[in-house]
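Asker: Take this structure first; my questions come after.
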Amino acid sequence: MEENMTKQRLTIRIGNSTLSFSAVDETAPAAVIATFEDATSPIIRFEPFVVKSGVSMAANLRNAFRQVELAQLPIAKVRVLIDSPVLMIPVELFEESKLPDLYRHSFPDSDQETVHYNVLPDLNAVAAFSVNKDLNTVIEDRFKNANIIAAISPVWRHLHQRSFTGVRNKLYGYFHEGRLDILSFQQHRFKFCNQYAVRHGHDAVYFLLYVWNQLALNAEHDELHLVGDLPEGEWLVEELKKYVSKVYVINPQADFNKAPATLIQGMPYDLMTLYVKGR
């Protein structure tokens, strides 16, 4: 198994209080792959690590390197998904030299963070995000050429392509780790992109309807699509339907044709999307 895995890319996903390791399993037999409707999608090995509260994420990652099986294998390439606040900048206004100051002005609590960015050519934007400096050092000490990306970037790409289906305007809400990303697209640009702290269904209703009204969407004609870990899911959908006629919950298994990644318990939607649709 190790011989095959050396050719694989290890993916580490780091959230506020979550940490996981994953990689494509090249050793899965063809008979197993053929049992899935989408037999072209890879079989994934997924190892979540139980994060200790009261301990820094940098220390948790060091511990994970010693304990997680996938971290012991000599993987050739590494990508690190970081779930942190994102500042979206139109590509024509992007200046790399000004990025740290601009990000810290937008997020004043990010003084002890290292600022990274990803260029999003499909959306004519640059996504700036941050990594705790100690955590960034642990990553760089372990992996010299790690590809660090915003965890939500595969979701942006997929939902952007999804927005071209049909003629109605669409608003998307992605729930993850107590946060809600609200997205809308217009041709090849973001029409709206922002993140909110959401602990309860009432918070989600407020923010979704606030953005809906801000964008002047039509309550009878346009669509609201939700995905991820919905708080109070059934209540949330019923409450939103009092104000918006077309409310849908995206089922990853149906959306991705029962790709193997969608059947893994506990795998975040952005990581599923990365494996099924790419970055």
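Starting from 1 in every chain, residues are counted up; chains themselves are A, B, ... following the order of the structure tokens, and ligands are numbered from 1 as listed.
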Running DSSP on the backbone, which parts of region 40-140 of chain A land in alpha helix (DSSP H), as a compact mmCIF listing (two decimals) with N, CA, C and O atoms, in the first residue's frame?

Answerer:
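Result written to result12.txt:
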```txt
# COMPACT_ATOMS: atom_id res chain seq x y z
N MET A 57 -4.03 25.07 17.50
CA MET A 57 -4.14 24.21 16.32
C MET A 57 -2.76 23.79 15.85
O MET A 57 -2.58 22.68 15.32
N ALA A 58 -1.75 24.63 16.05
CA ALA A 58 -0.39 24.26 15.67
C ALA A 58 0.07 23.04 16.46
O ALA A 58 0.66 22.10 15.90
N ALA A 59 -0.21 23.01 17.78
CA ALA A 59 0.16 21.87 18.61
C ALA A 59 -0.65 20.64 18.22
O ALA A 59 -0.13 19.51 18.20
N ASN A 60 -1.94 20.83 17.91
CA ASN A 60 -2.77 19.71 17.47
C ASN A 60 -2.23 19.12 16.18
O ASN A 60 -2.21 17.89 16.01
N LEU A 61 -1.78 19.96 15.27
CA LEU A 61 -1.25 19.46 14.01
C LEU A 61 0.03 18.67 14.23
O LEU A 61 0.24 17.62 13.61
N ARG A 62 0.90 19.16 15.12
CA ARG A 62 2.11 18.40 15.44
C ARG A 62 1.76 17.01 15.98
O ARG A 62 2.38 16.01 15.61
N ASN A 63 0.77 16.97 16.88
CA ASN A 63 0.34 15.68 17.43
C ASN A 63 -0.23 14.77 16.34
O ASN A 63 0.02 13.57 16.32
N ALA A 64 -0.98 15.38 15.44
CA ALA A 64 -1.58 14.60 14.35
C ALA A 64 -0.50 13.99 13.45
O ALA A 64 -0.64 12.84 13.00
N PHE A 65 0.56 14.72 13.20
CA PHE A 65 1.64 14.19 12.38
C PHE A 65 2.23 12.91 12.98
O PHE A 65 2.71 12.04 12.26
N ARG A 66 2.17 12.79 14.31
CA ARG A 66 2.71 11.61 14.98
C ARG A 66 1.71 10.46 15.05
O ARG A 66 2.10 9.30 15.20
N GLN A 67 0.41 10.79 14.95
CA GLN A 67 -0.61 9.78 15.22
C GLN A 67 -1.41 9.32 14.00
O GLN A 67 -1.87 8.17 13.95
N GLU A 69 -2.28 7.90 10.47
CA GLU A 69 -1.60 6.95 9.58
C GLU A 69 -1.19 7.59 8.27
O GLU A 69 -0.07 7.39 7.78
N LEU A 70 -2.09 8.36 7.67
CA LEU A 70 -1.76 8.97 6.37
C LEU A 70 -0.56 9.91 6.47
O LEU A 70 0.20 10.05 5.51
N ALA A 71 -0.40 10.54 7.63
CA ALA A 71 0.72 11.48 7.80
C ALA A 71 2.06 10.77 7.88
O ALA A 71 3.12 11.41 7.75
N GLN A 72 2.05 9.46 8.11
CA GLN A 72 3.29 8.71 8.22
C GLN A 72 3.84 8.28 6.85
O GLN A 72 5.01 7.92 6.74
N LEU A 99 -1.46 43.73 0.03
CA LEU A 99 -2.41 42.73 0.52
C LEU A 99 -2.42 42.57 2.04
O LEU A 99 -3.50 42.57 2.66
N PRO A 100 -1.26 42.42 2.72
CA PRO A 100 -1.31 42.23 4.18
C PRO A 100 -2.01 43.37 4.91
O PRO A 100 -2.84 43.14 5.80
N ASP A 101 -1.71 44.61 4.53
CA ASP A 101 -2.35 45.75 5.19
C ASP A 101 -3.84 45.79 4.90
O ASP A 101 -4.65 46.09 5.79
N LEU A 102 -4.22 45.48 3.68
CA LEU A 102 -5.63 45.50 3.31
C LEU A 102 -6.40 44.42 4.08
O LEU A 102 -7.50 44.67 4.59
N TYR A 103 -5.80 43.24 4.19
CA TYR A 103 -6.48 42.15 4.90
C TYR A 103 -6.62 42.49 6.38
O TYR A 103 -7.68 42.29 6.97
N ARG A 104 -5.57 42.99 6.98
CA ARG A 104 -5.61 43.28 8.42
C ARG A 104 -6.52 44.47 8.72
O ARG A 104 -7.07 44.56 9.81
N HIS A 105 -6.67 45.37 7.77
CA HIS A 105 -7.65 46.45 7.94
C HIS A 105 -9.06 45.88 7.92
O HIS A 105 -9.93 46.34 8.68
N SER A 106 -9.29 44.88 7.06
CA SER A 106 -10.62 44.26 6.96
C SER A 106 -10.90 43.34 8.14
O SER A 106 -12.05 43.21 8.58
N LYS A 133 0.26 32.31 12.55
CA LYS A 133 1.69 32.27 12.25
C LYS A 133 2.35 30.99 12.76
O LYS A 133 3.20 30.40 12.07
N ASP A 134 2.00 30.55 13.96
CA ASP A 134 2.59 29.31 14.48
C ASP A 134 2.17 28.11 13.63
O ASP A 134 2.99 27.23 13.34
N LEU A 135 0.89 28.08 13.25
CA LEU A 135 0.40 27.00 12.41
C LEU A 135 1.08 27.03 11.05
O LEU A 135 1.47 25.98 10.51
N ASN A 136 1.26 28.22 10.51
CA ASN A 136 1.93 28.36 9.22
C ASN A 136 3.36 27.83 9.29
O ASN A 136 3.84 27.15 8.38
N THR A 137 4.04 28.09 10.41
CA THR A 137 5.41 27.61 10.60
C THR A 137 5.45 26.09 10.66
O THR A 137 6.33 25.46 10.05
N VAL A 138 4.49 25.48 11.37
CA VAL A 138 4.44 24.02 11.46
C VAL A 138 4.25 23.41 10.07
O VAL A 138 4.92 22.42 9.72
N ILE A 139 3.38 24.00 9.27
CA ILE A 139 3.13 23.49 7.92
C ILE A 139 4.41 23.61 7.07
O ILE A 139 4.82 22.66 6.39
N GLU A 140 5.04 24.78 7.12
CA GLU A 140 6.22 25.00 6.28
C GLU A 140 7.42 24.17 6.73
O GLU A 140 8.24 23.77 5.90
```

Asker: Please, which residues in region 144-221 of chain A fall within 9 Å of region 75-96 of chain A when counting only C-alpha atoms, and what is the closest atom pair and distance in Å to one decimal for each, ordered by chain then residue number, as a Markdown table?

Answerer:
```
| residue | atom | partner | partner_atom | distance |
| --- | --- | --- | --- | --- |
| A:Asn145 | CA | A:Val78 | CA | 7.5 |
| A:Ala146 | CA | A:Val78 | CA | 5.1 |
| A:Asn147 | CA | A:Arg79 | CA | 4.4 |
| A:Ile148 | CA | A:Val80 | CA | 4.7 |
| A:Ile149 | CA | A:Leu81 | CA | 5.1 |
| A:Ala150 | CA | A:Ile82 | CA | 5.1 |
| A:Ala151 | CA | A:Leu81 | CA | 4.5 |
| A:Ile152 | CA | A:Asp83 | CA | 7.0 |
| A:Arg189 | CA | A:Pro90 | CA | 8.7 |
| A:Cys193 | CA | A:Met88 | CA | 7.7 |
| A:Asn194 | CA | A:Val86 | CA | 8.3 |
| A:Gln195 | CA | A:Pro85 | CA | 7.5 |
```

Asker: Assign secondary structure with DSSP using the backbone only, and return the residues of region 54-254 of chain A in strand (DSSP E or B) as a compact mmCIF listing (two decimals) with N, CA, C and O atoms, in the first residue's frame.

Answerer:
```
# COMPACT_ATOMS: atom_id res chain seq x y z
N LYS A 77 3.12 15.09 -2.72
CA LYS A 77 2.60 16.45 -2.77
C LYS A 77 1.59 16.67 -1.65
O LYS A 77 0.90 15.74 -1.24
N VAL A 78 1.51 17.90 -1.19
CA VAL A 78 0.61 18.23 -0.09
C VAL A 78 -0.14 19.51 -0.42
O VAL A 78 0.44 20.48 -0.92
N ARG A 79 -1.45 19.47 -0.16
CA ARG A 79 -2.23 20.71 -0.22
C ARG A 79 -2.94 20.86 1.11
O ARG A 79 -3.38 19.89 1.72
N VAL A 80 -3.02 22.08 1.57
CA VAL A 80 -3.61 22.39 2.86
C VAL A 80 -4.80 23.31 2.64
O VAL A 80 -4.65 24.40 2.08
N LEU A 81 -5.98 22.86 3.04
CA LEU A 81 -7.19 23.67 2.95
C LEU A 81 -7.38 24.39 4.28
O LEU A 81 -7.44 23.75 5.33
N ILE A 82 -7.48 25.70 4.22
CA ILE A 82 -7.64 26.52 5.42
C ILE A 82 -9.03 27.14 5.43
O ILE A 82 -9.40 27.86 4.49
N VAL A 86 -12.26 35.13 4.53
CA VAL A 86 -11.72 35.44 3.20
C VAL A 86 -12.08 36.87 2.81
O VAL A 86 -13.20 37.33 3.01
N LEU A 87 -11.11 37.56 2.26
CA LEU A 87 -11.34 38.87 1.67
C LEU A 87 -11.27 38.71 0.16
O LEU A 87 -10.26 38.26 -0.39
N MET A 88 -12.35 39.06 -0.53
CA MET A 88 -12.41 38.92 -1.97
C MET A 88 -12.04 40.25 -2.63
O MET A 88 -12.58 41.30 -2.29
N ILE A 89 -11.10 40.20 -3.58
CA ILE A 89 -10.60 41.40 -4.25
C ILE A 89 -10.75 41.22 -5.76
O ILE A 89 -10.31 40.20 -6.31
N PRO A 90 -11.37 42.18 -6.47
CA PRO A 90 -11.41 42.09 -7.93
C PRO A 90 -9.99 42.01 -8.49
O PRO A 90 -9.09 42.73 -8.02
N GLU A 113 -1.44 36.66 12.15
CA GLU A 113 -1.73 35.73 11.06
C GLU A 113 -0.82 36.00 9.86
O GLU A 113 -0.40 37.13 9.63
N THR A 114 -0.53 34.95 9.12
CA THR A 114 0.17 35.08 7.85
C THR A 114 -0.88 35.09 6.74
O THR A 114 -1.75 34.23 6.69
N VAL A 115 -0.80 36.08 5.86
CA VAL A 115 -1.81 36.25 4.82
C VAL A 115 -1.38 35.52 3.55
O VAL A 115 -0.26 35.70 3.07
N HIS A 116 -2.28 34.70 3.04
CA HIS A 116 -2.08 34.00 1.77
C HIS A 116 -3.15 34.46 0.78
O HIS A 116 -4.13 35.10 1.17
N TYR A 117 -2.97 34.09 -0.48
CA TYR A 117 -4.01 34.41 -1.46
C TYR A 117 -4.04 33.37 -2.56
O TYR A 117 -3.04 32.70 -2.85
N ASN A 118 -5.22 33.21 -3.15
CA ASN A 118 -5.42 32.35 -4.32
C ASN A 118 -6.06 33.19 -5.42
O ASN A 118 -7.00 33.94 -5.17
N VAL A 119 -5.56 33.06 -6.63
CA VAL A 119 -6.17 33.72 -7.79
C VAL A 119 -7.29 32.83 -8.32
O VAL A 119 -7.12 31.62 -8.47
N LEU A 120 -8.44 33.44 -8.58
CA LEU A 120 -9.61 32.72 -9.08
C LEU A 120 -9.93 33.22 -10.50
O LEU A 120 -10.76 34.11 -10.68
N ALA A 125 -11.28 37.20 -9.70
CA ALA A 125 -11.09 37.68 -8.32
C ALA A 125 -9.86 37.02 -7.70
O ALA A 125 -9.34 36.02 -8.19
N VAL A 126 -9.42 37.63 -6.60
CA VAL A 126 -8.35 37.07 -5.78
C VAL A 126 -8.90 36.89 -4.38
O VAL A 126 -9.51 37.81 -3.82
N ALA A 127 -8.72 35.70 -3.81
CA ALA A 127 -9.21 35.41 -2.47
C ALA A 127 -8.04 35.47 -1.50
O ALA A 127 -7.09 34.70 -1.61
N ALA A 128 -8.10 36.42 -0.55
CA ALA A 128 -7.08 36.53 0.48
C ALA A 128 -7.61 35.91 1.77
O ALA A 128 -8.76 36.12 2.14
N PHE A 129 -6.76 35.14 2.45
CA PHE A 129 -7.16 34.49 3.69
C PHE A 129 -5.92 34.38 4.58
O PHE A 129 -4.80 34.66 4.15
N SER A 130 -6.11 33.97 5.81
CA SER A 130 -4.99 34.00 6.74
C SER A 130 -4.81 32.67 7.45
O SER A 130 -5.75 31.87 7.58
N VAL A 131 -3.57 32.46 7.92
CA VAL A 131 -3.21 31.28 8.70
C VAL A 131 -2.45 31.77 9.93
O VAL A 131 -1.56 32.61 9.81
N ASN A 132 -2.80 31.24 11.10
CA ASN A 132 -2.06 31.57 12.31
C ASN A 132 -0.56 31.37 12.07
O ASN A 132 -0.15 30.39 11.46
N ASN A 147 0.84 23.40 -0.96
CA ASN A 147 -0.07 24.30 -1.67
C ASN A 147 -1.20 24.66 -0.71
O ASN A 147 -2.03 23.83 -0.37
N ILE A 148 -1.22 25.91 -0.25
CA ILE A 148 -2.19 26.35 0.76
C ILE A 148 -3.32 27.09 0.05
O ILE A 148 -3.07 28.08 -0.66
N ILE A 149 -4.54 26.62 0.24
CA ILE A 149 -5.68 27.22 -0.45
C ILE A 149 -6.84 27.44 0.52
O ILE A 149 -6.94 26.80 1.56
N ALA A 150 -7.70 28.37 0.16
CA ALA A 150 -8.91 28.61 0.94
C ALA A 150 -9.82 27.41 0.80
O ALA A 150 -10.10 26.95 -0.31
N LYS A 170 -29.97 32.91 -8.60
CA LYS A 170 -29.80 31.98 -7.48
C LYS A 170 -28.96 32.61 -6.39
O LYS A 170 -27.97 33.29 -6.66
N LEU A 171 -29.37 32.34 -5.16
CA LEU A 171 -28.59 32.71 -3.99
C LEU A 171 -28.22 31.42 -3.27
O LEU A 171 -29.07 30.54 -3.08
N TYR A 172 -26.94 31.29 -2.88
CA TYR A 172 -26.47 30.07 -2.24
C TYR A 172 -26.04 30.35 -0.80
O TYR A 172 -25.44 31.40 -0.50
N GLY A 173 -26.33 29.40 0.09
CA GLY A 173 -25.85 29.46 1.46
C GLY A 173 -25.11 28.18 1.81
O GLY A 173 -25.68 27.09 1.68
N TYR A 174 -23.84 28.32 2.20
CA TYR A 174 -23.04 27.16 2.59
C TYR A 174 -22.74 27.24 4.09
O TYR A 174 -22.08 28.17 4.55
N PHE A 175 -23.23 26.26 4.85
CA PHE A 175 -23.07 26.22 6.30
C PHE A 175 -21.91 25.30 6.67
O PHE A 175 -21.85 24.15 6.24
N HIS A 176 -21.01 25.81 7.51
CA HIS A 176 -19.88 25.00 7.96
C HIS A 176 -19.28 25.59 9.23
O HIS A 176 -19.03 26.79 9.32
N ARG A 179 -20.54 28.79 10.71
CA ARG A 179 -20.49 29.97 9.84
C ARG A 179 -21.35 29.72 8.60
O ARG A 179 -21.58 28.58 8.21
N LEU A 180 -21.76 30.80 7.99
CA LEU A 180 -22.59 30.74 6.79
C LEU A 180 -21.98 31.63 5.72
O LEU A 180 -21.85 32.84 5.91
N ASP A 181 -21.57 31.02 4.60
CA ASP A 181 -21.13 31.79 3.44
C ASP A 181 -22.31 31.96 2.51
O ASP A 181 -22.95 30.98 2.11
N ILE A 182 -22.61 33.22 2.17
CA ILE A 182 -23.70 33.52 1.25
C ILE A 182 -23.10 34.01 -0.06
O ILE A 182 -22.26 34.93 -0.06
N LEU A 183 -23.52 33.39 -1.16
CA LEU A 183 -22.90 33.62 -2.46
C LEU A 183 -23.94 33.85 -3.54
O LEU A 183 -25.01 33.24 -3.52
N SER A 184 -23.60 34.71 -4.47
CA SER A 184 -24.41 34.88 -5.67
C SER A 184 -23.47 35.28 -6.79
O SER A 184 -22.44 35.94 -6.55
N PHE A 185 -23.79 34.85 -8.01
CA PHE A 185 -22.90 35.09 -9.14
C PHE A 185 -23.65 35.79 -10.27
O PHE A 185 -24.85 35.62 -10.45
N GLN A 186 -22.88 36.56 -11.00
CA GLN A 186 -23.42 37.22 -12.20
C GLN A 186 -22.40 37.04 -13.30
O GLN A 186 -21.31 37.63 -13.26
N ARG A 189 -18.43 36.71 -12.46
CA ARG A 189 -18.02 37.46 -11.28
C ARG A 189 -18.92 37.14 -10.10
O ARG A 189 -20.04 36.65 -10.28
N PHE A 190 -18.41 37.43 -8.92
CA PHE A 190 -19.27 37.38 -7.75
C PHE A 190 -20.22 38.57 -7.78
O PHE A 190 -19.80 39.71 -8.01
N LYS A 191 -21.48 38.33 -7.57
CA LYS A 191 -22.44 39.39 -7.35
C LYS A 191 -22.50 39.73 -5.86
O LYS A 191 -22.71 40.88 -5.46
N PHE A 192 -22.30 38.67 -5.05
CA PHE A 192 -22.27 38.85 -3.60
C PHE A 192 -21.45 37.72 -3.00
O PHE A 192 -21.53 36.57 -3.45
N CYS A 193 -20.65 38.04 -1.99
CA CYS A 193 -19.86 37.02 -1.30
C CYS A 193 -19.53 37.54 0.10
O CYS A 193 -18.81 38.54 0.23
N ASN A 194 -20.07 36.89 1.12
CA ASN A 194 -19.78 37.31 2.49
C ASN A 194 -20.01 36.14 3.43
O ASN A 194 -20.70 35.18 3.09
N GLN A 195 -19.44 36.25 4.63
CA GLN A 195 -19.55 35.18 5.63
C GLN A 195 -20.09 35.74 6.93
O GLN A 195 -19.77 36.86 7.32
N TYR A 196 -20.92 34.94 7.60
CA TYR A 196 -21.57 35.36 8.84
C TYR A 196 -21.45 34.26 9.88
O TYR A 196 -21.47 33.07 9.56
N ALA A 197 -21.34 34.68 11.14
CA ALA A 197 -21.39 33.73 12.25
C ALA A 197 -22.84 33.32 12.47
O ALA A 197 -23.70 34.17 12.66
N GLU A 223 -34.33 31.62 -6.86
CA GLU A 223 -34.10 30.40 -6.08
C GLU A 223 -33.08 30.61 -4.97
O GLU A 223 -32.09 31.32 -5.14
N LEU A 224 -33.33 29.91 -3.86
CA LEU A 224 -32.41 29.89 -2.73
C LEU A 224 -31.95 28.45 -2.51
O LEU A 224 -32.78 27.55 -2.31
N HIS A 225 -30.64 28.23 -2.57
CA HIS A 225 -30.09 26.88 -2.43
C HIS A 225 -29.20 26.82 -1.19
O HIS A 225 -28.32 27.68 -1.01
N LEU A 226 -29.40 25.81 -0.36
CA LEU A 226 -28.66 25.65 0.89
C LEU A 226 -27.88 24.33 0.86
O LEU A 226 -28.36 23.33 0.33
N VAL A 227 -26.70 24.34 1.48
CA VAL A 227 -25.89 23.13 1.53
C VAL A 227 -25.00 23.17 2.77
O VAL A 227 -24.72 24.24 3.31
N GLY A 228 -24.60 21.99 3.23
CA GLY A 228 -23.71 21.92 4.39
C GLY A 228 -24.46 21.50 5.64
O GLY A 228 -25.49 20.83 5.58
N LYS A 246 -39.06 29.27 -3.71
CA LYS A 246 -38.21 28.20 -4.21
C LYS A 246 -36.97 28.08 -3.33
O LYS A 246 -35.95 28.73 -3.57
N VAL A 247 -37.08 27.21 -2.31
CA VAL A 247 -35.97 26.94 -1.40
C VAL A 247 -35.57 25.48 -1.56
O VAL A 247 -36.42 24.59 -1.47
N TYR A 248 -34.30 25.23 -1.81
CA TYR A 248 -33.83 23.87 -2.04
C TYR A 248 -32.62 23.56 -1.15
O TYR A 248 -31.78 24.43 -0.91
N VAL A 249 -32.55 22.32 -0.69
CA VAL A 249 -31.38 21.84 0.04
C VAL A 249 -30.60 20.92 -0.90
O VAL A 249 -31.14 19.93 -1.41
```

Asker: For Arg157 (chain A), find every residue with an atom within 10 Å (counting only C-alpha atoms), except residues of its own chain fewer than 5 positions away, and show them as a list of chain:residue names.

Answerer: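 Listing them by chain and then by number gives A:Leu120, A:Asp122, A:Leu123, A:Ile152, A:Arg162, A:Thr273, A:Leu274, A:Lys277, A:Gly278, A:Arg279.
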
Asker: For Pro260 (chain A), find every residue with an atom within 6 Å (counting only C-alpha atoms), except residues of its own chain fewer than 2 positions away, and show them as a PyMOL selection string.

Answerer: chain A and resi 43+262-263

Asker: Emit the selected residues as a short mmCIF file (atom, residue, chain, number, x, y, z; two decimals), in the first residue's frame, including N, CA, C and O atoms.

Answerer:
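Result file selection_16.cif:
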```cif
data_model
loop_
_atom_site.label_atom_id
_atom_site.label_comp_id
_atom_site.auth_asym_id
_atom_site.auth_seq_id
_atom_site.Cartn_x
_atom_site.Cartn_y
_atom_site.Cartn_z
N ILE A 43 -11.73 6.66 -4.99
CA ILE A 43 -11.99 6.21 -3.63
C ILE A 43 -11.06 7.01 -2.71
O ILE A 43 -9.87 7.15 -2.99
N THR A 262 -18.86 11.39 -1.29
CA THR A 262 -20.12 11.85 -0.66
C THR A 262 -20.66 10.86 0.34
O THR A 262 -21.59 11.18 1.09
N LEU A 263 -20.11 9.66 0.37
CA LEU A 263 -20.59 8.62 1.28
C LEU A 263 -19.75 8.53 2.55
O LEU A 263 -20.01 7.70 3.41
#
```

Asker: Rounded to one decimal in Å, what is the spacing between CA of Ala219 (chain A) and CA of Tyr243 (chain A)?

Answerer: 6.6 Å

Asker: Can you list, as a PDB file with N, CA, C and O atoms, in the first residue's frame, every protein, DNA or RNA residue that comes within 10 Å of Ala261 (chain A) when you count only C-alpha atoms, leaving out same-chain residues fewer than 5 positions away?

Answerer:
```
ATOM      1  N   VAL A  24      -6.351  10.123  -2.113  1.00  0.00           N
ATOM      2  CA  VAL A  24      -6.939   9.142  -3.023  1.00  0.00           C
ATOM      3  C   VAL A  24      -6.314   7.780  -2.744  1.00  0.00           C
ATOM      4  O   VAL A  24      -5.095   7.657  -2.574  1.00  0.00           O
ATOM      5  N   SER A  41     -15.005   8.595 -10.235  1.00  0.00           N
ATOM      6  CA  SER A  41     -14.543   9.336  -9.073  1.00  0.00           C
ATOM      7  C   SER A  41     -13.661   8.451  -8.206  1.00  0.00           C
ATOM      8  O   SER A  41     -13.893   7.248  -8.082  1.00  0.00           O
ATOM      9  N   PRO A  42     -12.645   9.038  -7.578  1.00  0.00           N
ATOM     10  CA  PRO A  42     -11.699   8.229  -6.814  1.00  0.00           C
ATOM     11  C   PRO A  42     -12.261   7.775  -5.471  1.00  0.00           C
ATOM     12  O   PRO A  42     -13.146   8.399  -4.899  1.00  0.00           O
ATOM     13  N   ILE A  43     -11.728   6.658  -4.986  1.00  0.00           N
ATOM     14  CA  ILE A  43     -11.988   6.207  -3.626  1.00  0.00           C
ATOM     15  C   ILE A  43     -11.064   7.009  -2.705  1.00  0.00           C
ATOM     16  O   ILE A  43      -9.867   7.149  -2.992  1.00  0.00           O
ATOM     17  N   ILE A  44     -11.597   7.511  -1.615  1.00  0.00           N
ATOM     18  CA  ILE A  44     -10.842   8.405  -0.748  1.00  0.00           C
ATOM     19  C   ILE A  44     -10.592   7.760   0.609  1.00  0.00           C
ATOM     20  O   ILE A  44     -11.492   7.154   1.194  1.00  0.00           O
ATOM     21  N   ARG A  45      -9.383   7.888   1.106  1.00  0.00           N
ATOM     22  CA  ARG A  45      -9.102   7.584   2.501  1.00  0.00           C
ATOM     23  C   ARG A  45      -9.226   8.881   3.291  1.00  0.00           C
ATOM     24  O   ARG A  45      -8.589   9.885   2.951  1.00  0.00           O
ATOM     25  N   PHE A  46     -10.024   8.855   4.335  1.00  0.00           N
ATOM     26  CA  PHE A  46     -10.308  10.063   5.116  1.00  0.00           C
ATOM     27  C   PHE A  46     -10.057   9.762   6.583  1.00  0.00           C
ATOM     28  O   PHE A  46     -10.648   8.847   7.147  1.00  0.00           O
ATOM     29  N   PRO A 252     -25.541  16.330  -1.511  1.00  0.00           N
ATOM     30  CA  PRO A 252     -24.286  16.033  -2.223  1.00  0.00           C
ATOM     31  C   PRO A 252     -24.303  14.703  -2.963  1.00  0.00           C
ATOM     32  O   PRO A 252     -23.749  14.605  -4.062  1.00  0.00           O
ATOM     33  N   GLN A 253     -24.947  13.675  -2.388  1.00  0.00           N
ATOM     34  CA  GLN A 253     -24.963  12.384  -3.069  1.00  0.00           C
ATOM     35  C   GLN A 253     -25.692  12.470  -4.400  1.00  0.00           C
ATOM     36  O   GLN A 253     -25.253  11.893  -5.400  1.00  0.00           O
ATOM     37  N   PHE A 256     -23.628  14.941  -6.833  1.00  0.00           N
ATOM     38  CA  PHE A 256     -22.380  14.379  -7.336  1.00  0.00           C
ATOM     39  C   PHE A 256     -22.523  12.919  -7.758  1.00  0.00           C
ATOM     40  O   PHE A 256     -21.547  12.171  -7.805  1.00  0.00           O
ATOM     41  N   MET A 267     -17.189  14.002   6.305  1.00  0.00           N
ATOM     42  CA  MET A 267     -16.380  14.776   5.358  1.00  0.00           C
ATOM     43  C   MET A 267     -17.095  16.077   5.016  1.00  0.00           C
ATOM     44  O   MET A 267     -18.240  16.062   4.579  1.00  0.00           O
ATOM     45  N   PRO A 268     -16.447  17.229   5.180  1.00  0.00           N
ATOM     46  CA  PRO A 268     -17.082  18.515   4.848  1.00  0.00           C
ATOM     47  C   PRO A 268     -17.410  18.614   3.355  1.00  0.00           C
ATOM     48  O   PRO A 268     -16.723  18.028   2.518  1.00  0.00           O
ATOM     49  N   TYR A 269     -18.433  19.396   3.057  1.00  0.00           N
ATOM     50  CA  TYR A 269     -18.883  19.535   1.678  1.00  0.00           C
ATOM     51  C   TYR A 269     -17.782  20.115   0.789  1.00  0.00           C
ATOM     52  O   TYR A 269     -17.647  19.713  -0.372  1.00  0.00           O
ATOM     53  N   LEU A 271     -14.584  19.673   1.007  1.00  0.00           N
ATOM     54  CA  LEU A 271     -13.615  18.630   0.714  1.00  0.00           C
ATOM     55  C   LEU A 271     -14.194  17.617  -0.275  1.00  0.00           C
ATOM     56  O   LEU A 271     -13.494  17.163  -1.185  1.00  0.00           O
ATOM     57  N   MET A 272     -15.478  17.284  -0.114  1.00  0.00           N
ATOM     58  CA  MET A 272     -16.146  16.430  -1.110  1.00  0.00           C
ATOM     59  C   MET A 272     -16.027  17.066  -2.500  1.00  0.00           C
ATOM     60  O   MET A 272     -15.683  16.409  -3.496  1.00  0.00           O
ATOM     61  N   THR A 273     -16.329  18.345  -2.562  1.00  0.00           N
ATOM     62  CA  THR A 273     -16.343  19.055  -3.840  1.00  0.00           C
ATOM     63  C   THR A 273     -14.958  19.063  -4.458  1.00  0.00           C
ATOM     64  O   THR A 273     -14.801  18.920  -5.681  1.00  0.00           O
ATOM     65  N   LEU A 274     -13.947  19.233  -3.622  1.00  0.00           N
ATOM     66  CA  LEU A 274     -12.576  19.231  -4.115  1.00  0.00           C
ATOM     67  C   LEU A 274     -12.249  17.903  -4.799  1.00  0.00           C
ATOM     68  O   LEU A 274     -11.676  17.877  -5.899  1.00  0.00           O
ATOM     69  N   TYR A 275     -12.614  16.792  -4.180  1.00  0.00           N
ATOM     70  CA  TYR A 275     -12.299  15.486  -4.753  1.00  0.00           C
ATOM     71  C   TYR A 275     -13.161  15.151  -5.969  1.00  0.00           C
ATOM     72  O   TYR A 275     -12.688  14.482  -6.888  1.00  0.00           O
ATOM     73  N   VAL A 276     -14.395  15.617  -5.986  1.00  0.00           N
ATOM     74  CA  VAL A 276     -15.285  15.260  -7.090  1.00  0.00           C
ATOM     75  C   VAL A 276     -15.128  16.218  -8.278  1.00  0.00           C
ATOM     76  O   VAL A 276     -15.103  15.796  -9.438  1.00  0.00           O
TER      77      VAL A 276
END
```
